[in-house]
Amino acid sequence: MFPLPLPMRAALDAARAAADAGEVPVGAVVMLGERIVATAANAPRRLCDPTAHAEMLAIREAAKALGRDRLEQCDLWVTLEPCAMCAGAIAHARIQRVYYGAADPKGGAVEHGPRFFTQPTCHHRPELYGDIGSAESAALLRDFFEQRR
């Protein structure tokens, strides 16, 4: 087994922080080249904001840090397959590549559900790479939900 890339390790650290705060453990990192521009953890409950998914927060933070609304040269690393809302934000931000961990058959919109980036109305399609750190990502989610049952 190969060691996880730095951005996925950072996303997993953010996901653990989300779990510690009582949020669903999802973390996201935006990279510009080899530099981490933004890191975020799920925070809908803490922020009382249903759009406060890790991807959304990381995209907002990266756009602000870079002073632009388009993140064409940026990559997004996230521990869980993005939902439709996050996929829409990824397309609007013009993220170059998306790397994600665990697949999400119920709420995912990349390889499951609407398969957002394959739709003819989607004007930007990032390169997609799944199953990176999926075992660790899935274990975090499984443990989180088992503790709540």
# chains A, B, ... in the order shown; residues from 1 in each chain; ligands from 1

$ residues_around --residues "His53 (chain A)" --least-positions-apart "2" --cutoff "9 Å" --atoms "only C-alpha atoms" --output "list in words"
Val26, Gly27, Ala28, Ala40, Ala41, Asn42, Ala43, Pro44, Asp49, Pro50, Thr51, Glu55, Met56, Leu57, Ala58 and Cys86 of chain A

$ select_by_dssp --residues "region 3-147 of chain A" --states "helix (DSSP H, G or I)" --output "number ranges by chain"
A: 6-20, 44-47, 54-66, 84-93, 116-118, 134-147

$ residues_around --residues "region 71-76 of chain A" --least-positions-apart "4" --cutoff "9 Å" --atoms "only C-alpha atoms" --output "ChimeraX atom specification"
/A:7,28-33,37,55,58-59,62-63,66,90,93-100,126

$ select_by_dssp --residues "region 43-140 of chain A" --states "strand (DSSP E or B)" --output "list in words"
Cys74, Asp75, Leu76, Trp77, Val78, Thr79, Leu80, Arg97, Val98, Tyr99, Tyr100, Gly101, Ala102, Glu127, Leu128 and Tyr129 of chain A

$ residues_around --residues "Gln147 (chain A)" --least-positions-apart "3" --cutoff "12 Å" --atoms "only C-alpha atoms" --output "PyMOL selection string"
chain A and resi 19-20+22+24+140-144

$ write_last_selection --atoms "all heavy atoms" --output "CSV table (one decimal), in the first residue's frame"
chain,number,residue,atom,x,y,z
A,19,ALA,N,-15.5,15.4,13.0
A,19,ALA,CA,-16.1,14.4,13.8
A,19,ALA,C,-16.0,14.7,15.3
A,19,ALA,O,-16.9,14.6,16.1
A,19,ALA,CB,-15.4,13.0,13.6
A,20,ASP,N,-14.8,15.3,15.7
A,20,ASP,CA,-14.6,15.7,17.1
A,20,ASP,C,-15.6,16.8,17.5
A,20,ASP,O,-15.9,16.9,18.6
A,20,ASP,CB,-13.2,16.2,17.3
A,20,ASP,CG,-12.1,15.0,17.2
A,20,ASP,OD1,-12.5,13.9,17.3
A,20,ASP,OD2,-10.9,15.3,17.1
A,22,GLY,N,-18.6,16.9,16.3
A,22,GLY,CA,-20.0,16.4,16.2
A,22,GLY,C,-20.5,16.6,14.8
A,22,GLY,O,-21.7,16.4,14.6
A,24,VAL,N,-20.5,15.5,10.6
A,24,VAL,CA,-20.2,14.4,9.8
A,24,VAL,C,-18.7,14.6,9.3
A,24,VAL,O,-18.4,15.6,8.8
A,24,VAL,CB,-21.2,14.3,8.6
A,24,VAL,CG1,-20.7,13.2,7.6
A,24,VAL,CG2,-22.6,14.1,9.1
A,140,LEU,N,-13.7,6.4,9.0
A,140,LEU,CA,-14.1,7.6,9.8
A,140,LEU,C,-15.7,7.8,9.8
A,140,LEU,O,-16.3,8.0,10.8
A,140,LEU,CB,-13.5,8.9,9.2
A,140,LEU,CG,-12.1,9.3,9.6
A,140,LEU,CD1,-11.6,10.5,8.8
A,140,LEU,CD2,-12.1,9.6,11.1
A,141,LEU,N,-16.3,7.7,8.6
A,141,LEU,CA,-17.7,7.8,8.5
A,141,LEU,C,-18.4,6.7,9.2
A,141,LEU,O,-19.4,6.9,10.0
A,141,LEU,CB,-18.1,7.8,7.0
A,141,LEU,CG,-17.7,9.1,6.3
A,141,LEU,CD1,-17.7,8.9,4.8
A,141,LEU,CD2,-18.7,10.2,6.6
A,142,ARG,N,-18.0,5.5,9.0
A,142,ARG,CA,-18.6,4.3,9.7
A,142,ARG,C,-18.6,4.4,11.2
A,142,ARG,O,-19.6,4.3,11.9
A,142,ARG,CB,-17.9,3.0,9.2
A,142,ARG,CG,-18.6,1.8,9.6
A,142,ARG,CD,-17.9,0.5,9.0
A,142,ARG,NE,-16.5,0.5,9.0
A,142,ARG,CZ,-15.7,0.8,7.9
A,142,ARG,NH1,-16.3,1.0,6.7
A,142,ARG,NH2,-14.4,0.7,8.0
A,143,ASP,N,-17.4,4.8,11.7
A,143,ASP,CA,-17.2,4.9,13.2
A,143,ASP,C,-18.1,6.0,13.7
A,143,ASP,O,-18.7,5.9,14.8
A,143,ASP,CB,-15.8,5.2,13.5
A,143,ASP,CG,-14.8,4.0,13.2
A,143,ASP,OD1,-15.4,2.9,13.0
A,143,ASP,OD2,-13.6,4.2,13.3
A,144,PHE,N,-18.1,7.1,13.0
A,144,PHE,CA,-18.9,8.3,13.4
A,144,PHE,C,-20.4,7.9,13.5
A,144,PHE,O,-21.1,8.2,14.6
A,144,PHE,CB,-18.8,9.4,12.4
A,144,PHE,CG,-19.6,10.6,12.7
A,144,PHE,CD1,-19.2,11.6,13.6
A,144,PHE,CD2,-20.8,10.9,12.1
A,144,PHE,CE1,-19.9,12.7,13.9
A,144,PHE,CE2,-21.6,12.0,12.3
A,144,PHE,CZ,-21.2,12.9,13.3

$ atom_distance --atom1 "CA of Arg115 (chain A)" --atom2 "CA of Ala103 (chain A)"
12.2 Å

$ atom_distance --atom1 "CA of Leu47 (chain A)" --atom2 "CA of Glu61 (chain A)"
15.0 Å

$ closest_residue --among "A:Ala91, A:Gly130, A:Ala54, A:Ile36" --to "Ala17 (chain A)" --atoms "only C-alpha atoms"
A:Ala54

$ atom_distance --atom1 "CA of Phe145 (chain A)" --atom2 "CA of Ala89 (chain A)"
26.5 Å

$ closest_residue --among "A:Arg60, A:Gly113, A:Leu4, A:Asp13" --to "Ala135 (chain A)" --atoms "only C-alpha atoms"
A:Leu4

$ residues_around --residues "Pro114 (chain A)" --least-positions-apart "2" --cutoff "12 Å" --atoms "only C-alpha atoms" --output "list in words"
Pro82, Cys83, Ala84, Met85, Ala87, Gly88, Pro105, Lys106, Gly107, Gly108, Ala109, Val110, Glu111, His112, Phe116, Phe117, Thr118, Gln119, Pro120, Thr121 and Cys122 of chain A

$ residues_around --residues "Glu136 (chain A)" --least-positions-apart "6" --cutoff "9 Å" --atoms "only C-alpha atoms" --output "PyMOL selection string"
chain A and resi 12+79+101-102

$ closest_residue --among "A:Glu34, A:Arg68, A:Ser137, A:Tyr129" --to "Ala14 (chain A)" --atoms "only C-alpha atoms"
A:Ser137

$ closest_residue --among "A:Arg148, A:His92, A:Arg125, A:Arg45" --to "Ala18 (chain A)" --atoms "only C-alpha atoms"
A:Arg45

$ decode --residues "region 17-30 of chain A" --atoms "N, CA and C atoms" --output "PDB file, in the first residue's frame"
ATOM      1  N   ALA A  17     -11.315  16.360  12.651  1.00  0.00           N
ATOM      2  CA  ALA A  17     -11.705  17.544  13.428  1.00  0.00           C
ATOM      3  C   ALA A  17     -13.217  17.749  13.359  1.00  0.00           C
ATOM      4  N   ALA A  18     -13.793  17.513  12.188  1.00  0.00           N
ATOM      5  CA  ALA A  18     -15.252  17.629  12.055  1.00  0.00           C
ATOM      6  C   ALA A  18     -15.942  16.627  12.972  1.00  0.00           C
ATOM      7  N   ALA A  19     -15.469  15.388  12.972  1.00  0.00           N
ATOM      8  CA  ALA A  19     -16.062  14.356  13.833  1.00  0.00           C
ATOM      9  C   ALA A  19     -15.951  14.749  15.300  1.00  0.00           C
ATOM     10  N   ASP A  20     -14.791  15.268  15.699  1.00  0.00           N
ATOM     11  CA  ASP A  20     -14.595  15.699  17.084  1.00  0.00           C
ATOM     12  C   ASP A  20     -15.563  16.810  17.474  1.00  0.00           C
ATOM     13  N   ALA A  21     -15.986  17.602  16.493  1.00  0.00           N
ATOM     14  CA  ALA A  21     -16.931  18.693  16.737  1.00  0.00           C
ATOM     15  C   ALA A  21     -18.386  18.248  16.585  1.00  0.00           C
ATOM     16  N   GLY A  22     -18.600  16.946  16.331  1.00  0.00           N
ATOM     17  CA  GLY A  22     -19.959  16.447  16.188  1.00  0.00           C
ATOM     18  C   GLY A  22     -20.535  16.594  14.794  1.00  0.00           C
ATOM     19  N   GLU A  23     -19.690  16.939  13.835  1.00  0.00           N
ATOM     20  CA  GLU A  23     -20.119  17.077  12.436  1.00  0.00           C
ATOM     21  C   GLU A  23     -19.796  15.786  11.681  1.00  0.00           C
ATOM     22  N   VAL A  24     -20.505  15.543  10.600  1.00  0.00           N
ATOM     23  CA  VAL A  24     -20.194  14.401   9.751  1.00  0.00           C
ATOM     24  C   VAL A  24     -18.745  14.572   9.276  1.00  0.00           C
ATOM     25  N   PRO A  25     -17.916  13.537   9.442  1.00  0.00           N
ATOM     26  CA  PRO A  25     -16.486  13.682   9.177  1.00  0.00           C
ATOM     27  C   PRO A  25     -16.111  13.714   7.694  1.00  0.00           C
ATOM     28  N   VAL A  26     -16.157  14.906   7.159  1.00  0.00           N
ATOM     29  CA  VAL A  26     -15.707  15.143   5.783  1.00  0.00           C
ATOM     30  C   VAL A  26     -14.749  16.316   5.829  1.00  0.00           C
ATOM     31  N   GLY A  27     -13.633  16.174   5.134  1.00  0.00           N
ATOM     32  CA  GLY A  27     -12.644  17.238   5.052  1.00  0.00           C
ATOM     33  C   GLY A  27     -12.279  17.489   3.607  1.00  0.00           C
ATOM     34  N   ALA A  28     -11.858  18.726   3.313  1.00  0.00           N
ATOM     35  CA  ALA A  28     -11.497  19.091   1.947  1.00  0.00           C
ATOM     36  C   ALA A  28     -10.297  20.028   1.956  1.00  0.00           C
ATOM     37  N   VAL A  29      -9.506  19.929   0.905  1.00  0.00           N
ATOM     38  CA  VAL A  29      -8.312  20.749   0.741  1.00  0.00           C
ATOM     39  C   VAL A  29      -8.276  21.237  -0.698  1.00  0.00           C
ATOM     40  N   VAL A  30      -7.953  22.518  -0.879  1.00  0.00           N
ATOM     41  CA  VAL A  30      -7.724  23.060  -2.218  1.00  0.00           C
ATOM     42  C   VAL A  30      -6.230  23.299  -2.362  1.00  0.00           C
TER      43      VAL A  30
END
